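Notes follow the structure.
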Amino acid sequence: MLPYVGARRLEHLKYLVGDPLVRRFAGLARVPTARTVSYWLRRFMQEMLRPLVRLNQDVVLDTLARLNVPRLTLDVDGTVVRTGATVAWAFRGFNPHHRKDRSYYPLLAHVAQTGHILQVKNRPGNVHDSKQSPVFLRELITAVRGRLGRGLPLEFRMDAAFSQPDVLRLLAARGCAYAIKVGYWTWLPLNQLDTIATPRRRSRKRTYAYVLRNMRTLRFVLVARAGRLTRIGGRNILRLAQNPATEALYARIQHALAV
């Protein structure tokens, strides 16, 4: 009830003591104190969390079944939840704004069409974004198709952390569409140093061997090109504006990759 009214801490309960709608929503004769709720939460164990997660998943799937969506798009990503210094299973990790704070790093599956959180898996804050993702995705696909059927097109959207061989093989084997950012991983035959990085002479003040461009520059010179989609001979053809510098750059990269 607290998130619905904008409260974020247990001590905010004292501002809701006399609210009859809050008591009716919670099914209580009177609103408990923050100390009492804190004592209740200490008794909430991992064994109690699993049925709650399954209940949330069943409610969301029942809602999606009634909506009869033509396709289901799921956004899978990790999120940082900051905690106190004495909270169990919380570690320093991938919090970009508060690196010294302990945190959890739960993995979430978000329904793009409705905004529901379909599934969540809590993890300590010092794990990689893709850790346990194949198991998470396998259970998620099984639950969705068990309730909504295999005829419903299922597609995923994920960032570069999920560009892993196990994830790609799983989605391909289950017949799921996906859009995943591709990072520069060791198992991909991609290297900026082999294409357009310019060698540079080293000195006492300059120890790096290449001139590397940042991602904003690479996006401008390689990706952000103006073009027009035309239909020629029954086929869709992407036609780009003629530019000698762009043609020379593409030819240089193509030659370097071929070698």
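Each chain in the structure tokens gets a letter, A, B and so on, in the order shown; residues start at 1 in every chain, and ligands are counted from 1 in the order they appear.
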
Shell around stretch 84-94 of chain A at 7 Å using only C-alpha atoms, local window under 5 positions removed, as a ChimeraX atom specification: /A:99-104,124-126

Keeping only C-alpha atoms, write those residues as a PDB file, in the first residue's frame.
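So the final result, stored in selection_11.pdb, reads:
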ATOM      1  CA  ARG A  99      29.643   2.729  -5.692  1.00  0.00           C
ATOM      2  CA  LYS A 100      30.393   2.380  -1.985  1.00  0.00           C
ATOM      3  CA  ASP A 101      26.817   1.549  -0.966  1.00  0.00           C
ATOM      4  CA  ARG A 102      25.679  -2.030  -0.558  1.00  0.00           C
ATOM      5  CA  SER A 103      22.862  -3.063  -2.860  1.00  0.00           C
ATOM      6  CA  TYR A 104      20.819  -5.816  -4.443  1.00  0.00           C
ATOM      7  CA  PRO A 124      23.397  -9.706  -4.602  1.00  0.00           C
ATOM      8  CA  GLY A 125      24.797  -6.442  -5.863  1.00  0.00           C
ATOM      9  CA  ASN A 126      28.185  -7.772  -6.969  1.00  0.00           C
TER      10      ASN A 126
END

Please, which residues in stretch 77-108 of chain A fall within 12 Å of stretch 158-174 of chain A when counting only C-alpha atoms, and what is the closest atom pair and distance in Å to one decimal for each, ordered by chain then residue number, as a Markdown table?
| residue | atom | partner | partner_atom | distance |
| --- | --- | --- | --- | --- |
| A:Asp77 | CA | A:Met158 | CA | 6.5 |
| A:Gly78 | CA | A:Ala161 | CA | 9.7 |
| A:Leu107 | CA | A:Met158 | CA | 11.5 |
| A:Leu108 | CA | A:Met158 | CA | 10.9 |

Output the selection as a PDB file, in the first residue's frame - C-alpha atoms for each residue.
ATOM      1  CA  ASP A  77      17.230  -6.013 -17.416  1.00  0.00           C
ATOM      2  CA  GLY A  78      18.833  -5.673 -14.008  1.00  0.00           C
ATOM      3  CA  LEU A 107      16.742  -9.290 -12.581  1.00  0.00           C
ATOM      4  CA  LEU A 108      13.360  -8.117 -13.915  1.00  0.00           C
TER       5      LEU A 108
END

Helix (DSSP H, G or I) per DSSP on the backbone: members of stretch 8-195 of chain A, as a VMD selection string: chain A and resid 10 to 16 20 to 26 34 to 42 46 to 67 133 to 148 160 to 162 165 to 173 192 to 194

Just write the chosen residues, C-alpha atoms, as a compact mmCIF listing (two decimals), in the first residue's frame.
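And here is the file that came out, result32.txt:
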# COMPACT_ATOMS: atom_id res chain seq x y z
CA LEU A 10 8.25 2.66 7.24
CA GLU A 11 8.23 5.79 9.39
CA HIS A 12 5.83 7.32 6.85
CA LEU A 13 3.12 5.11 8.37
CA LYS A 14 2.56 7.70 11.09
CA TYR A 15 1.11 10.04 8.47
CA LEU A 16 -1.50 7.43 7.47
CA PRO A 20 -9.92 5.03 6.62
CA LEU A 21 -9.13 4.06 3.01
CA VAL A 22 -5.69 2.80 4.04
CA ARG A 23 -7.19 0.68 6.83
CA ARG A 24 -9.81 -0.74 4.46
CA PHE A 25 -7.20 -1.53 1.80
CA ALA A 26 -4.99 -3.36 4.31
CA ALA A 34 6.76 1.30 11.91
CA ARG A 35 8.37 -0.84 14.65
CA THR A 36 5.62 -3.45 14.36
CA VAL A 37 5.86 -3.64 10.56
CA SER A 38 9.64 -3.91 10.80
CA TYR A 39 9.22 -6.88 13.16
CA TRP A 40 6.82 -8.51 10.67
CA LEU A 41 9.26 -8.05 7.81
CA ARG A 42 12.08 -9.73 9.76
CA GLN A 46 13.05 -16.74 1.25
CA GLU A 47 10.55 -19.62 1.40
CA MET A 48 7.73 -17.07 1.68
CA LEU A 49 9.03 -15.02 -1.25
CA ARG A 50 8.72 -17.78 -3.86
CA PRO A 51 4.91 -18.19 -3.51
CA LEU A 52 4.54 -14.40 -3.66
CA VAL A 53 6.53 -14.23 -6.91
CA ARG A 54 4.43 -17.05 -8.40
CA LEU A 55 1.22 -15.32 -7.33
CA ASN A 56 2.30 -12.08 -9.01
CA GLN A 57 3.19 -13.99 -12.18
CA ASP A 58 -0.19 -15.76 -12.26
CA VAL A 59 -2.08 -12.49 -11.81
CA VAL A 60 -0.16 -10.80 -14.63
CA LEU A 61 -0.58 -13.76 -17.00
CA ASP A 62 -4.32 -13.88 -16.29
CA THR A 63 -4.54 -10.17 -17.13
CA LEU A 64 -2.62 -10.67 -20.38
CA ALA A 65 -4.89 -13.59 -21.29
CA ARG A 66 -7.98 -11.38 -20.94
CA LEU A 67 -6.39 -8.59 -22.97
CA SER A 133 19.86 -15.16 -17.09
CA PRO A 134 19.52 -18.44 -19.14
CA VAL A 135 17.70 -20.14 -16.25
CA PHE A 136 15.60 -17.02 -15.69
CA LEU A 137 14.61 -16.83 -19.37
CA ARG A 138 13.91 -20.56 -19.62
CA GLU A 139 11.51 -20.46 -16.66
CA LEU A 140 9.90 -17.28 -18.00
CA ILE A 141 9.27 -18.72 -21.48
CA THR A 142 7.85 -21.93 -20.00
CA ALA A 143 5.45 -20.01 -17.74
CA VAL A 144 4.24 -17.66 -20.49
CA ARG A 145 3.62 -20.38 -23.06
CA GLY A 146 2.06 -22.67 -20.48
CA ARG A 147 -0.58 -20.01 -19.77
CA LEU A 148 -0.91 -18.11 -23.08
CA ALA A 160 24.60 -5.88 -24.45
CA ALA A 161 25.15 -7.71 -21.15
CA PHE A 162 22.82 -10.46 -22.41
CA PRO A 165 26.07 -17.60 -26.51
CA ASP A 166 23.87 -19.42 -23.98
CA VAL A 167 21.17 -16.75 -24.19
CA LEU A 168 21.19 -16.63 -27.99
CA ARG A 169 21.04 -20.43 -28.31
CA LEU A 170 18.14 -20.61 -25.85
CA LEU A 171 16.06 -17.95 -27.64
CA ALA A 172 16.72 -19.53 -31.03
CA ALA A 173 15.80 -23.01 -29.78
CA GLN A 192 38.14 -1.75 -33.54
CA LEU A 193 41.92 -2.07 -33.71
CA ASP A 194 41.63 -4.17 -36.89

Contact residues around A:Tyr178 with only C-alpha atoms at 7 Å, ignoring same-chain residues under 6 positions, as a VMD selection string: chain A and resid 155 to 157

Next, write the just-selected residues to a file, as a compact mmCIF listing (two decimals), in the first residue's frame, keeping C-alpha atoms as the atom set.
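Listed below is the output, out.txt:
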# COMPACT_ATOMS: atom_id res chain seq x y z
CA GLU A 155 9.91 -11.37 -28.28
CA PHE A 156 12.62 -10.06 -25.96
CA ARG A 157 14.54 -6.78 -25.72

DSSP-assigned strand (DSSP E or B) members of stretch 94-185 of chain A, reported as a list in words: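 Answer for stretch 94-185 of chain A, restricted to strand (DSSP E or B): Ser103, Tyr104, Leu107, Leu108, Ala109, His110, Val111, Ile117, Leu118, Gln119, Val120, Lys121, Pro124, Leu154, Glu155, Phe156, Arg157, Met158, Ala177, Tyr178, Ala179 and Ile180 of chain A.
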
Among the residues A:Thr217, A:Thr33, A:Gln113, A:Gln119, the one that comes closest to A:Val76 [using only C-alpha atoms]: A:Gln119

A:Asn243 environment, 12 Å, only C-alpha atoms, sequence neighbours closer than 6 positions dropped, as a list in words: Val221, Arg225, Ala226, Gly227, Leu249 and Tyr250 of chain A

Counting only C-alpha atoms, the option among A:Val81, A:Ala109, A:Val31, A:Ala248 closest to A:His97: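 For A:His97, the nearest of the candidates is A:Val81.
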
Distance in Å - atom CA of A:Ala29 versus atom CA of A:Val5: 18.9 Å

Selection: 8 Å around A:Leu152, only C-alpha atoms, excl. self and same-chain fewer than 2 positions, as an MDAnalysis selection string: chainID A and resid 70:72 145 148:150 154

How would the residues just chosen look if you wrote them out with N, CA and C atoms as an mmCIF file, in the first residue's frame?
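As written to disk, out.cif reads:
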data_model
loop_
_atom_site.group_PDB
_atom_site.id
_atom_site.type_symbol
_atom_site.label_atom_id
_atom_site.label_comp_id
_atom_site.auth_asym_id
_atom_site.auth_seq_id
_atom_site.Cartn_x
_atom_site.Cartn_y
_atom_site.Cartn_z
ATOM 1 N N PRO A 70 -1.840 -9.377 -29.368
ATOM 2 C CA PRO A 70 -1.408 -10.122 -30.559
ATOM 3 C C PRO A 70 0.019 -10.642 -30.455
ATOM 4 N N ARG A 71 0.876 -9.994 -29.653
ATOM 5 C CA ARG A 71 2.242 -10.427 -29.423
ATOM 6 C C ARG A 71 2.678 -9.918 -28.056
ATOM 7 N N LEU A 72 3.656 -10.566 -27.470
ATOM 8 C CA LEU A 72 4.110 -10.199 -26.128
ATOM 9 C C LEU A 72 5.584 -9.807 -26.192
ATOM 10 N N ARG A 145 4.247 -19.503 -22.076
ATOM 11 C CA ARG A 145 3.617 -20.376 -23.064
ATOM 12 C C ARG A 145 2.707 -21.404 -22.421
ATOM 13 N N LEU A 148 -0.394 -18.827 -21.913
ATOM 14 C CA LEU A 148 -0.915 -18.111 -23.075
ATOM 15 C C LEU A 148 -0.826 -18.900 -24.376
ATOM 16 N N GLY A 149 -0.172 -20.075 -24.358
ATOM 17 C CA GLY A 149 -0.097 -20.908 -25.551
ATOM 18 C C GLY A 149 1.127 -20.613 -26.392
ATOM 19 N N ARG A 150 1.509 -21.585 -27.219
ATOM 20 C CA ARG A 150 2.682 -21.440 -28.067
ATOM 21 C C ARG A 150 2.409 -20.621 -29.321
ATOM 22 N N LEU A 154 6.398 -14.365 -29.122
ATOM 23 C CA LEU A 154 7.090 -13.901 -27.926
ATOM 24 C C LEU A 154 8.426 -13.294 -28.337
#

Between atom CA of A:Ala224 and atom CA of A:Ser130 - distance in Å to one decimal: 28.8 Å

Pairwise distance for atom CA of A:Ile180 and atom CA of A:Met215, rounded to one decimal in Å: 17.6 Å
